[in-house]
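Quick look at query-v3.txt (compact mmCIF, C-alpha atoms):
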```txt
# COMPACT_ATOMS: atom_id res chain seq x y z
CA MET A 1 43.05 16.68 87.65
CA LYS A 2 44.79 13.30 87.69
CA ILE A 3 42.97 12.32 84.48
CA LEU A 4 44.02 15.59 82.83
CA LYS A 5 47.68 15.02 83.80
CA ILE A 6 47.55 11.48 82.42
CA ILE A 7 46.08 12.70 79.12
CA THR A 8 48.73 15.44 78.91
CA ARG A 9 51.53 12.90 79.43
CA ILE A 10 50.08 10.61 76.78
CA VAL A 11 49.93 13.49 74.29
CA LEU A 12 53.53 14.47 75.05
CA VAL A 13 54.77 10.86 74.64
CA LEU A 14 52.91 10.46 71.34
CA GLY A 15 54.30 13.76 70.13
CA LEU A 16 57.82 12.64 71.04
CA PHE A 17 57.37 9.39 69.09
CA PHE A 18 56.10 11.38 66.09
CA LEU A 19 59.15 13.63 66.10
CA ILE A 20 61.53 10.69 66.41
CA GLY A 21 59.81 8.93 63.54
CA PHE A 22 59.86 12.08 61.43
CA PHE A 23 63.58 12.69 61.77
CA PHE A 24 64.42 8.99 61.41
CA THR A 25 62.53 8.88 58.12
CA LEU A 26 64.58 11.77 56.74
CA GLU A 27 67.79 9.93 57.56
CA GLN A 28 66.80 6.60 55.98
CA LYS A 29 68.60 5.44 52.85
CA GLU A 30 66.71 5.38 49.58
CA PRO A 31 64.94 2.06 48.96
CA VAL A 32 66.31 -0.07 46.12
CA ASN A 33 63.19 -0.85 44.10
CA LEU A 34 60.48 1.60 45.07
CA ALA A 35 59.96 4.50 42.71
CA THR A 36 56.50 5.98 42.22
CA ASP A 37 53.03 4.48 42.37
CA ASN A 38 52.11 5.49 38.81
CA PHE A 39 54.91 5.33 36.25
CA PRO A 40 54.15 2.90 33.38
CA ASP A 41 56.42 2.12 30.39
CA PRO A 42 59.55 3.63 31.94
CA THR A 43 62.63 4.81 30.11
CA GLY A 44 65.75 6.18 31.75
CA ILE A 45 69.20 7.69 31.41
CA TYR A 46 72.08 8.44 33.79
CA LYS A 47 73.97 11.70 33.42
CA GLN A 48 76.39 13.55 35.70
CA GLY A 49 75.45 11.68 38.86
CA THR A 50 71.68 11.79 38.35
CA TYR A 51 69.20 9.21 37.07
CA TYR A 52 66.38 10.59 34.91
CA ALA A 53 63.24 8.58 34.14
CA TYR A 54 60.26 9.26 31.86
CA ALA A 55 56.94 7.45 31.42
CA THR A 56 53.59 7.18 29.66
CA SER A 57 51.21 10.10 30.31
CA THR A 58 50.06 10.04 33.95
CA ASP A 59 48.68 12.39 36.57
CA GLY A 60 48.17 15.28 34.16
CA PHE A 61 51.66 15.13 32.62
CA ASN A 62 52.24 14.53 28.91
CA ILE A 63 55.53 12.83 29.82
CA PRO A 64 56.25 12.81 33.56
CA LEU A 65 59.89 13.33 34.54
CA ALA A 66 61.36 11.71 37.66
CA LYS A 67 64.84 12.01 39.14
CA SER A 68 67.00 10.03 41.55
CA LYS A 69 70.55 10.19 42.83
CA SER A 70 70.83 6.48 43.61
CA GLY A 71 68.61 4.82 41.00
CA GLY A 72 65.95 4.11 43.66
CA ASN A 73 63.25 6.29 45.20
CA TYR A 74 62.63 8.32 42.06
CA GLN A 75 60.64 11.48 42.65
CA ILE A 76 58.49 13.09 39.97
CA VAL A 77 59.79 16.61 39.48
CA GLY A 78 57.66 17.87 36.62
CA GLU A 79 56.81 17.80 32.94
CA ALA A 80 59.34 16.73 30.31
CA LEU A 81 57.17 17.72 27.32
CA PRO A 82 55.05 20.81 28.11
CA ASN A 83 53.31 20.86 24.71
CA LEU A 84 52.14 18.15 22.35
CA PRO A 85 53.14 18.51 18.69
CA ILE A 86 50.59 20.36 16.57
CA TRP A 87 49.62 17.18 14.72
CA ALA A 88 48.88 15.16 17.86
CA GLN A 89 46.15 14.64 20.44
CA GLY A 90 45.53 12.58 23.56
CA SER A 91 47.94 10.76 25.83
CA ILE A 92 51.52 9.79 25.06
CA TRP A 93 52.58 6.17 25.29
CA ALA A 94 55.96 4.63 26.09
CA PRO A 95 58.56 7.34 25.44
CA HIS A 96 62.23 6.48 24.94
CA ILE A 97 65.16 8.72 25.94
CA SER A 98 68.53 8.74 24.15
CA GLN A 99 71.51 11.01 23.73
CA VAL A 100 72.85 11.56 20.22
CA SER A 101 75.88 13.84 20.11
CA LYS A 102 75.12 16.71 22.48
CA ARG A 103 71.33 16.58 22.14
CA TYR A 104 68.77 14.49 23.98
CA LEU A 105 66.11 12.74 21.90
CA LEU A 106 62.77 11.70 23.37
CA TYR A 107 60.82 9.46 21.01
CA PHE A 108 57.17 8.73 21.83
CA SER A 109 53.87 7.44 20.44
CA VAL A 110 50.77 9.60 20.20
CA ILE A 111 47.50 9.76 18.24
CA ASP A 112 47.59 11.61 14.92
CA LYS A 113 44.66 14.06 14.71
CA LYS A 114 43.90 13.17 11.10
CA SER A 115 44.27 9.39 10.97
CA LYS A 116 43.25 8.72 14.60
CA LYS A 117 46.04 6.12 14.66
CA ARG A 118 49.20 6.29 16.73
CA SER A 119 52.40 7.52 15.13
CA ILE A 120 55.97 7.99 16.35
CA GLY A 121 56.95 11.53 17.32
CA LEU A 122 60.20 13.08 18.48
CA ALA A 123 61.10 15.86 20.91
CA LEU A 124 64.52 17.44 21.46
CA ALA A 125 66.31 19.15 24.35
CA ASN A 126 69.82 20.26 25.29
CA ASN A 127 69.74 18.47 28.66
CA PRO A 128 67.90 15.44 30.08
CA GLN A 129 65.63 17.56 32.29
CA GLY A 130 64.31 19.45 29.29
CA PRO A 131 61.95 21.03 28.59
CA PHE A 132 61.70 19.01 25.38
CA LYS A 133 60.22 20.54 22.24
CA ALA A 134 58.37 18.29 19.80
CA GLU A 135 59.09 18.22 16.07
CA GLU A 136 56.30 19.55 13.85
CA LYS A 137 55.83 16.29 11.91
CA PRO A 138 55.70 12.61 12.88
CA VAL A 139 58.91 10.64 12.43
CA VAL A 140 57.15 7.59 11.02
CA THR A 141 53.55 6.45 10.46
CA ASP A 142 51.81 3.28 9.28
CA ASP A 143 48.04 3.51 9.65
CA ASN A 144 47.36 0.32 7.67
CA ALA A 145 49.36 -1.73 10.18
CA GLY A 146 47.27 -0.46 13.12
CA GLY A 147 49.52 2.50 13.93
CA LEU A 148 52.97 2.51 15.50
CA ILE A 149 53.95 2.52 19.18
CA ASP A 150 56.83 1.81 21.58
CA PRO A 151 59.88 3.46 19.95
CA ASP A 152 63.45 2.57 21.00
CA LEU A 153 66.70 4.00 19.67
CA PHE A 154 69.65 1.61 19.33
CA GLN A 155 73.20 2.64 18.48
CA ASP A 156 75.33 -0.13 17.00
CA SER A 157 79.02 -0.59 17.76
CA ASP A 158 79.94 1.33 14.59
CA GLY A 159 77.95 4.37 15.78
CA GLN A 160 75.04 3.85 13.37
CA ASN A 161 71.61 4.67 14.88
CA TYR A 162 68.46 2.62 14.41
CA LEU A 163 64.87 3.03 15.59
CA LEU A 164 62.80 0.08 16.78
CA TYR A 165 59.02 0.14 17.16
CA LYS A 166 55.90 -2.02 17.16
CA ASN A 167 53.07 -1.99 14.65
CA ASP A 168 49.89 -2.07 16.77
CA GLY A 169 48.34 -4.93 14.83
CA ASN A 170 46.40 -6.37 17.75
CA ALA A 171 44.37 -3.12 17.82
CA ILE A 172 42.89 -4.04 14.42
CA GLY A 173 42.84 -7.83 14.70
CA LYS A 174 46.18 -8.41 12.94
CA THR A 175 49.57 -9.72 13.98
CA SER A 176 52.01 -7.46 15.79
CA SER A 177 55.67 -7.25 14.85
CA LEU A 178 58.76 -5.48 16.11
CA TRP A 179 60.61 -3.48 13.47
CA LEU A 180 64.07 -1.97 12.96
CA GLN A 181 64.78 1.01 10.72
CA LYS A 182 68.04 2.79 10.00
CA LEU A 183 68.38 6.43 11.04
CA SER A 184 70.59 9.28 9.93
CA LYS A 185 73.68 10.05 12.01
CA ASN A 186 71.80 12.68 14.04
CA GLY A 187 68.94 10.24 14.77
CA LEU A 188 66.30 12.45 13.16
CA VAL A 189 65.66 11.05 9.67
CA PHE A 190 64.86 7.55 8.40
CA THR A 191 67.04 5.99 5.73
CA GLY A 192 66.42 2.65 4.09
CA LYS A 193 63.62 0.13 4.58
CA ALA A 194 62.20 -1.20 7.86
CA GLU A 195 63.24 -4.75 8.80
CA ARG A 196 60.87 -7.10 10.62
CA LEU A 197 62.62 -8.64 13.65
CA LEU A 198 59.96 -10.69 15.46
CA THR A 199 56.20 -11.37 15.29
CA ASN A 200 53.85 -12.41 18.08
CA THR A 201 53.10 -15.75 16.35
CA GLU A 202 56.74 -16.73 17.04
CA VAL A 203 56.41 -16.25 20.81
CA LYS A 204 54.80 -18.79 23.14
CA ASN A 205 53.59 -18.15 26.65
CA PRO A 206 56.04 -19.31 29.33
CA ASN A 207 55.12 -22.46 31.25
CA ASP A 208 54.53 -20.61 34.52
CA ASN A 209 51.74 -18.60 32.87
CA GLY A 210 49.74 -21.80 32.56
CA LYS A 211 49.12 -21.23 28.85
CA SER A 212 50.57 -23.07 25.87
CA GLU A 213 49.36 -20.95 22.97
CA THR A 214 51.23 -18.11 21.29
CA VAL A 215 50.89 -14.68 22.85
CA LEU A 216 48.23 -12.13 21.89
CA THR A 217 50.83 -9.49 21.07
CA ILE A 218 54.44 -8.43 21.55
CA GLU A 219 55.54 -4.86 22.20
CA ALA A 220 58.00 -2.53 23.92
CA PRO A 221 61.15 -3.59 22.01
CA TYR A 222 64.53 -2.80 23.56
CA LEU A 223 67.67 -3.84 21.71
CA THR A 224 71.10 -4.24 23.27
CA GLN A 225 74.36 -6.05 22.48
CA ALA A 226 75.62 -8.70 24.89
CA PRO A 227 79.28 -9.00 25.97
CA ASP A 228 79.96 -11.70 23.35
CA GLY A 229 78.53 -9.54 20.55
CA THR A 230 75.13 -11.24 20.32
CA TYR A 231 72.19 -8.92 19.66
CA VAL A 232 69.58 -9.37 22.38
CA LEU A 233 66.04 -8.11 21.85
CA LEU A 234 64.00 -7.59 25.02
CA PHE A 235 60.24 -7.16 24.65
CA SER A 236 56.94 -7.39 26.51
CA ALA A 237 54.36 -10.03 25.59
CA GLY A 238 50.68 -10.74 26.25
CA SER A 239 48.03 -8.35 27.50
CA TYR A 240 49.46 -5.60 29.71
CA ALA A 241 46.19 -5.62 31.66
CA THR A 242 46.83 -9.08 33.11
CA ALA A 243 49.25 -10.74 35.50
CA ASN A 244 50.38 -12.94 32.56
CA TYR A 245 52.15 -9.99 30.91
CA PHE A 246 55.86 -10.80 30.86
CA THR A 247 59.26 -9.75 29.56
CA GLY A 248 60.82 -12.08 27.01
CA TYR A 249 63.93 -12.04 24.89
CA ALA A 250 65.18 -13.14 21.49
CA ILE A 251 68.73 -13.31 20.12
CA SER A 252 70.51 -12.97 16.80
CA LYS A 253 74.09 -12.93 15.54
CA LYS A 254 73.11 -10.28 13.00
CA LEU A 255 71.50 -6.93 13.71
CA SER A 256 68.71 -7.40 11.17
CA GLY A 257 68.03 -10.97 12.28
CA PRO A 258 66.65 -13.52 12.12
CA TYR A 259 65.87 -13.31 15.84
CA HIS A 260 65.12 -16.50 17.75
CA TYR A 261 62.83 -16.39 20.76
CA LYS A 262 64.59 -17.96 23.74
CA GLY A 263 62.10 -17.55 26.59
CA ALA A 264 61.01 -15.31 29.44
CA LEU A 265 63.35 -13.00 31.31
CA ALA A 266 60.79 -11.96 33.93
CA THR A 267 57.29 -13.22 34.79
CA THR A 268 54.99 -12.66 37.73
CA ALA A 269 55.82 -16.17 38.96
CA SER A 270 59.60 -15.91 38.46
CA LEU A 271 59.57 -12.72 40.53
CA LYS A 272 57.52 -14.51 43.20
CA ASN A 273 54.53 -12.19 42.75
CA GLN A 274 56.55 -9.24 44.01
CA ILE A 275 56.12 -7.61 40.60
CA VAL A 276 52.83 -8.38 38.85
CA GLY A 277 52.83 -8.31 35.04
CA PRO A 278 56.46 -7.19 34.60
CA GLY A 279 56.86 -5.31 31.31
CA GLY A 280 58.11 -2.21 29.57
CA ALA A 281 61.68 -3.28 30.33
CA GLU A 282 64.71 -1.20 29.44
CA LEU A 283 68.35 -1.14 30.57
CA VAL A 284 70.00 1.89 32.12
CA GLN A 285 73.77 2.15 32.41
CA GLY A 286 74.31 3.97 35.68
CA LYS A 287 77.05 4.76 38.16
CA ASN A 288 80.32 2.88 37.50
CA ASN A 289 78.75 1.58 34.25
CA VAL A 290 76.51 -0.81 36.21
CA GLU A 291 73.44 -1.84 34.20
CA THR A 292 70.04 -2.10 35.86
CA LEU A 293 66.68 -3.00 34.37
CA LEU A 294 63.78 -0.56 34.64
CA LEU A 295 60.30 -2.01 34.22
CA HIS A 296 56.77 -1.63 35.56
CA GLY A 297 54.33 -3.87 37.39
CA TRP A 298 50.80 -3.62 38.76
CA ILE A 299 50.04 -2.67 42.34
CA ASN A 300 46.67 -2.91 44.15
CA GLY A 301 45.43 -5.56 41.73
CA VAL A 302 45.48 -5.69 37.94
CA ASN A 303 43.71 -3.05 35.87
CA LYS A 304 41.36 -2.05 38.66
CA THR A 305 39.91 1.41 39.13
CA LYS A 306 42.38 2.24 41.87
CA SER A 307 45.28 0.29 40.40
CA SER A 308 48.37 1.58 38.64
CA ARG A 309 51.70 0.40 37.32
CA GLN A 310 54.70 1.16 39.49
CA LEU A 311 58.30 1.65 38.42
CA TYR A 312 60.76 -1.00 39.60
CA GLU A 313 64.51 -1.45 39.23
CA LEU A 314 66.11 -4.90 39.00
CA SER A 315 69.75 -5.94 39.17
CA PHE A 316 70.85 -7.18 35.75
CA PHE A 317 73.68 -9.44 34.59
CA TRP A 318 74.73 -11.76 31.75
CA GLU A 319 75.36 -15.50 31.77
CA GLU A 320 77.36 -17.41 29.14
CA GLY A 321 78.09 -14.16 27.34
CA HIS A 322 74.59 -13.40 26.08
CA ILE A 323 71.85 -14.79 28.35
CA PRO A 324 70.15 -11.95 30.27
CA LYS A 325 69.34 -12.48 33.94
CA VAL A 326 67.71 -10.37 36.66
CA THR A 327 67.45 -10.44 40.44
CA LYS A 328 65.12 -8.39 42.62
```
Render the structure in this file as structure tokens.
Amino acid sequence: MKILKIITRIVLVLGLFFLIGFFFTLEQKEPVNLATDNFPDPTGIYKQGTYYAYATSTDGFNIPLAKSKSGGNYQIVGEALPNLPIWAQGSIWAPHISQVSKRYLLYFSVIDKKSKKRSIGLALANNPQGPFKAEEKPVVTDDNAGGLIDPDLFQDSDGQNYLLYKNDGNAIGKTSSLWLQKLSKNGLVFTGKAERLLTNTEVKNPNDNGKSETVLTIEAPYLTQAPDGTYVLLFSAGSYATANYFTGYAISKKLSGPYHYKGALATTASLKNQIVGPGGAELVQGKNNVETLLLHGWINGVNKTKSSRQLYELSFFWEEGHIPKVTK
């Protein structure tokens, strides 16, 4: 009987600890950097007190949609793009969210059924939660350049819209460049000729990567304008499947360039191995117009069977008017 009473007391104590832990967890504040365990190539927007984030196809979603009230502890709430466009197949890579007038534009890269190369598509919605509906034709294609990936919409100070993207040259043994092309006022139609901004042969590995040669590829362009008016081009460089993948930046006084590579904004070493292979970076202007940097990094090792790329948020600021800086 004594043994039974002891066991009963132990069970009751453990149960009490469980309940305390359960309720305490519900009352904890949202963590600053943690988002989800599988959310590569993030893009985000802040509207009416809510942060919305979208990512490369994962976990059965064409474009997973996550939400947060604070900018941390994003929770996946569903599918942003229920149906692929009729011309497309396979997984979507690196979407980009923007608002033009009263509509929300979600650019993305996906394989064209006919060419088997990636092209840039576009989906529209009346609110950031969607559902988004894809346009029936690709926005832009270039099969001879290896296909096109990683779209980004930039609106200049005069209100003119531009689309940036990467030609996937490394997929066919060629150089990879980041391009800029003028868009119509509604952001739906190309006008003019594409301008080359930067090529991988112009970008060297940072010293803390232990390599001196130029990078294999550059990708994931994100263009912004610094406080002093300088155009700052963020991008990812190297192989995404390694810890040497990093976020770099280049600057120009003119929108169309030339852009000059200035160095790394974030590397595995500079972030003290807390984010491994930091890439897919993009700024989000959130509450009180505070800018934060969304990006992904590997967890549980790099490119392993059980590994994935997690969404992180970094504090962002400018030095000397146009030098981007981050803190974790």
query = Which value, in Å to one decimal, gives the distance between atom CA of Lys47 of chain A and atom CA of Ser184 of chain A?
reply = 23.9 Å
ask   = At what distance in Å, to one decimal, does atom CA of Pro40 of chain A lie from atom CA of Tyr74 of chain A?
value = 13.3 Å
ask   = Which residues, written as a PyMOL selection string, have at least one atom at most 8 Å from segment 307-324 of chain A, with only C-alpha atoms counted and residues fewer than 6 positions away on the same chain left out?
value = chain A and resi 32-40+42+71-72+226-230+232+265+291-301
task = Counting all atoms listed in the file, figure out which residue out of A:Gln160, A:Ser212, A:Asn126, A:Ser177 gets nearest to Gly146 of chain A.
result =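 Looking at the shortest contact to Gly146 of chain A, the residue is A:Ser177.
The shell of residues at most 10 Å from Leu223 of chain A, with only C-alpha atoms counted and near chain neighbours (fewer than 5 positions) removed, consists of Asp152, Leu153, Phe154, Gln155, Asp156, Tyr162, Leu163, Leu164, Leu180, Tyr231, Val232, Leu233, Leu234, Phe235, Tyr249, Ala250, Ile251, Leu255, Glu282 and Leu283 of chain A.
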query = Hey, can you check how far atom CA of Gly192 of chain A sits from atom CA of Val139 of chain A?
reply = 13.8 Å
query = Using all atoms listed in the file, which residue out of A:Gly130, A:Pro85, A:Gly257, A:Gly263 lies closest to Ile111 of chain A?
reply =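 Closest residue, counting all atoms listed in the file: A:Pro85.
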message = If we draw a sphere of 9 Å around (75.3, 10.2, 9.8), which residues have at least one atom in it when counting all atoms listed in the file? Please report them as a PyMOL selection string.
response = chain A and resi 159-161+183-187
Print the selection's residues with C-alpha atoms to a file, as a JSON list (two decimals), keeping the file's coordinate frame.
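Written file, result.json:
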```
[["chain", "number", "residue", "atom", "x", "y", "z"],
["A", 159, "GLY", "CA", 77.95, 4.37, 15.78],
["A", 160, "GLN", "CA", 75.04, 3.85, 13.37],
["A", 161, "ASN", "CA", 71.61, 4.67, 14.88],
["A", 183, "LEU", "CA", 68.38, 6.43, 11.04],
["A", 184, "SER", "CA", 70.59, 9.28, 9.93],
["A", 185, "LYS", "CA", 73.68, 10.05, 12.01],
["A", 186, "ASN", "CA", 71.80, 12.68, 14.04],
["A", 187, "GLY", "CA", 68.94, 10.24, 14.77]]
```
message = Under the rule that only C-alpha atoms are counted, which of A:Asn83, A:Gln225, A:Thr43, A:Thr327 is the nearest residue to Lys272 of chain A?
response = A:Thr327
key: Exercise: Asn273 of chain A partners within 10 Å, all atoms listed in the file, chain neighbours under 5 positions left out, as a ChimeraX atom specification   = /A:243,267-268,278,297
request  = Show me as number ranges by chain the residues that reach within 8 Å of (52.4, -4.0, 19.6), counting all atoms listed in the file and using the file's own coordinates.
outcome  = A: 148-150, 166-170, 176-178, 217-220
Create the file for the chosen residues now, containing C-alpha atoms and written as a short mmCIF file (atom, residue, chain, number, x, y, z; two decimals), in the frame of the given file.
```cif
data_model
loop_
_atom_site.label_atom_id
_atom_site.label_comp_id
_atom_site.auth_asym_id
_atom_site.auth_seq_id
_atom_site.Cartn_x
_atom_site.Cartn_y
_atom_site.Cartn_z
CA LEU A 148 52.97 2.51 15.50
CA ILE A 149 53.95 2.52 19.18
CA ASP A 150 56.83 1.81 21.58
CA LYS A 166 55.90 -2.02 17.16
CA ASN A 167 53.07 -1.99 14.65
CA ASP A 168 49.89 -2.07 16.77
CA GLY A 169 48.34 -4.93 14.83
CA ASN A 170 46.40 -6.37 17.75
CA SER A 176 52.01 -7.46 15.79
CA SER A 177 55.67 -7.25 14.85
CA LEU A 178 58.76 -5.48 16.11
CA THR A 217 50.83 -9.49 21.07
CA ILE A 218 54.44 -8.43 21.55
CA GLU A 219 55.54 -4.86 22.20
CA ALA A 220 58.00 -2.53 23.92
#
```
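Among the candidates A:Pro128, A:Pro138, A:Gly248, A:Pro95, the one nearest to Tyr107 of chain A when counting only C-alpha atoms is A:Pro95.
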inquiry  = When you count all atoms listed in the file, which of these residues is closest to Thr201 of chain A: A:Lys174, A:Lys69, A:Lys253, A:Lys262?
reply    = A:Lys174
query = From the list A:Ala80, A:Asp143, A:Lys193, A:Thr199, which residue is nearest Ile172 of chain A when using all atoms listed in the file?
reply =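 Among the listed residues, the smallest separation from Ile172 of chain A belongs to A:Asp143.
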Quick one: 3 Å padding each side, axis-aligned, all listed atoms of segment 55-62 of chain A - centre and edge lengths in Å to one decimal, as lines of an AutoDock Vina configuration file?
```
center_x = 52.6
center_y = 11.2
center_z = 32.7
size_x = 14.8
size_y = 14.1
size_z = 13.7
```
Could you pull segment 61-70 of chain A out of the structure just shown and give all heavy atoms as a PDB file, in the first residue's frame?
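The file below, out_8.pdb, is the result:
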```pdb
ATOM      1  N   PHE A  61       2.462  22.375 -49.989  1.00  0.00           N
ATOM      2  CA  PHE A  61       1.896  23.648 -50.422  1.00  0.00           C
ATOM      3  C   PHE A  61       2.623  24.146 -51.671  1.00  0.00           C
ATOM      4  O   PHE A  61       3.845  24.064 -51.752  1.00  0.00           O
ATOM      5  CB  PHE A  61       2.032  24.711 -49.328  1.00  0.00           C
ATOM      6  CG  PHE A  61       1.241  24.426 -48.082  1.00  0.00           C
ATOM      7  CD1 PHE A  61       1.880  24.094 -46.901  1.00  0.00           C
ATOM      8  CD2 PHE A  61      -0.147  24.495 -48.088  1.00  0.00           C
ATOM      9  CE1 PHE A  61       1.162  23.849 -45.746  1.00  0.00           C
ATOM     10  CE2 PHE A  61      -0.875  24.246 -46.941  1.00  0.00           C
ATOM     11  CZ  PHE A  61      -0.227  23.918 -45.764  1.00  0.00           C
ATOM     12  N   ASN A  62       1.875  24.685 -52.625  1.00  0.00           N
ATOM     13  CA  ASN A  62       2.510  25.353 -53.762  1.00  0.00           C
ATOM     14  C   ASN A  62       3.295  26.564 -53.271  1.00  0.00           C
ATOM     15  O   ASN A  62       4.477  26.735 -53.588  1.00  0.00           O
ATOM     16  CB  ASN A  62       1.451  25.803 -54.776  1.00  0.00           C
ATOM     17  CG  ASN A  62       0.786  24.645 -55.476  1.00  0.00           C
ATOM     18  OD1 ASN A  62       1.419  23.644 -55.790  1.00  0.00           O
ATOM     19  ND2 ASN A  62      -0.510  24.774 -55.727  1.00  0.00           N
ATOM     20  N   ILE A  63       2.624  27.431 -52.513  1.00  0.00           N
ATOM     21  CA  ILE A  63       3.269  28.563 -51.844  1.00  0.00           C
ATOM     22  C   ILE A  63       2.702  28.631 -50.429  1.00  0.00           C
ATOM     23  O   ILE A  63       1.572  29.080 -50.229  1.00  0.00           O
ATOM     24  CB  ILE A  63       3.019  29.899 -52.571  1.00  0.00           C
ATOM     25  CG1 ILE A  63       3.585  29.855 -53.993  1.00  0.00           C
ATOM     26  CG2 ILE A  63       3.639  31.059 -51.793  1.00  0.00           C
ATOM     27  CD1 ILE A  63       3.379  31.144 -54.786  1.00  0.00           C
ATOM     28  N   PRO A  64       3.445  28.162 -49.448  1.00  0.00           N
ATOM     29  CA  PRO A  64       2.930  28.205 -48.073  1.00  0.00           C
ATOM     30  C   PRO A  64       2.781  29.642 -47.588  1.00  0.00           C
ATOM     31  O   PRO A  64       3.617  30.502 -47.884  1.00  0.00           O
ATOM     32  CB  PRO A  64       3.995  27.450 -47.274  1.00  0.00           C
ATOM     33  CG  PRO A  64       5.241  27.572 -48.094  1.00  0.00           C
ATOM     34  CD  PRO A  64       4.800  27.586 -49.518  1.00  0.00           C
ATOM     35  N   LEU A  65       1.722  29.893 -46.833  1.00  0.00           N
ATOM     36  CA  LEU A  65       1.454  31.203 -46.252  1.00  0.00           C
ATOM     37  C   LEU A  65       1.565  31.116 -44.744  1.00  0.00           C
ATOM     38  O   LEU A  65       0.972  30.235 -44.114  1.00  0.00           O
ATOM     39  CB  LEU A  65       0.043  31.669 -46.637  1.00  0.00           C
ATOM     40  CG  LEU A  65      -0.516  32.883 -45.877  1.00  0.00           C
ATOM     41  CD1 LEU A  65       0.292  34.130 -46.196  1.00  0.00           C
ATOM     42  CD2 LEU A  65      -1.988  33.080 -46.204  1.00  0.00           C
ATOM     43  N   ALA A  66       2.354  32.026 -44.159  1.00  0.00           N
ATOM     44  CA  ALA A  66       2.503  32.083 -42.701  1.00  0.00           C
ATOM     45  C   ALA A  66       2.135  33.481 -42.221  1.00  0.00           C
ATOM     46  O   ALA A  66       2.276  34.461 -42.952  1.00  0.00           O
ATOM     47  CB  ALA A  66       3.929  31.736 -42.292  1.00  0.00           C
ATOM     48  N   LYS A  67       1.676  33.567 -40.979  1.00  0.00           N
ATOM     49  CA  LYS A  67       1.262  34.850 -40.414  1.00  0.00           C
ATOM     50  C   LYS A  67       1.856  35.043 -39.025  1.00  0.00           C
ATOM     51  O   LYS A  67       2.159  34.079 -38.328  1.00  0.00           O
ATOM     52  CB  LYS A  67      -0.272  34.924 -40.323  1.00  0.00           C
ATOM     53  CG  LYS A  67      -0.966  34.958 -41.655  1.00  0.00           C
ATOM     54  CD  LYS A  67      -2.468  34.782 -41.523  1.00  0.00           C
ATOM     55  CE  LYS A  67      -3.125  35.868 -40.718  1.00  0.00           C
ATOM     56  NZ  LYS A  67      -4.594  35.724 -40.662  1.00  0.00           N
ATOM     57  N   SER A  68       2.013  36.315 -38.648  1.00  0.00           N
ATOM     58  CA  SER A  68       2.511  36.657 -37.321  1.00  0.00           C
ATOM     59  C   SER A  68       2.011  38.046 -36.948  1.00  0.00           C
ATOM     60  O   SER A  68       1.854  38.911 -37.810  1.00  0.00           O
ATOM     61  CB  SER A  68       4.039  36.639 -37.300  1.00  0.00           C
ATOM     62  OG  SER A  68       4.541  37.200 -36.103  1.00  0.00           O
ATOM     63  N   LYS A  69       1.772  38.253 -35.676  1.00  0.00           N
ATOM     64  CA  LYS A  69       1.386  39.577 -35.206  1.00  0.00           C
ATOM     65  C   LYS A  69       2.597  40.421 -34.819  1.00  0.00           C
ATOM     66  O   LYS A  69       2.544  41.639 -34.850  1.00  0.00           O
ATOM     67  CB  LYS A  69       0.445  39.452 -33.993  1.00  0.00           C
ATOM     68  CG  LYS A  69      -0.971  39.038 -34.360  1.00  0.00           C
ATOM     69  CD  LYS A  69      -1.663  40.110 -35.193  1.00  0.00           C
ATOM     70  CE  LYS A  69      -3.107  39.757 -35.490  1.00  0.00           C
ATOM     71  NZ  LYS A  69      -3.766  40.803 -36.330  1.00  0.00           N
ATOM     72  N   SER A  70       3.692  39.754 -34.461  1.00  0.00           N
ATOM     73  CA  SER A  70       4.863  40.480 -33.961  1.00  0.00           C
ATOM     74  C   SER A  70       6.023  40.524 -34.942  1.00  0.00           C
ATOM     75  O   SER A  70       6.957  41.300 -34.775  1.00  0.00           O
ATOM     76  CB  SER A  70       5.352  39.829 -32.668  1.00  0.00           C
ATOM     77  OG  SER A  70       5.916  38.556 -32.963  1.00  0.00           O
TER      78      SER A  70
END
```
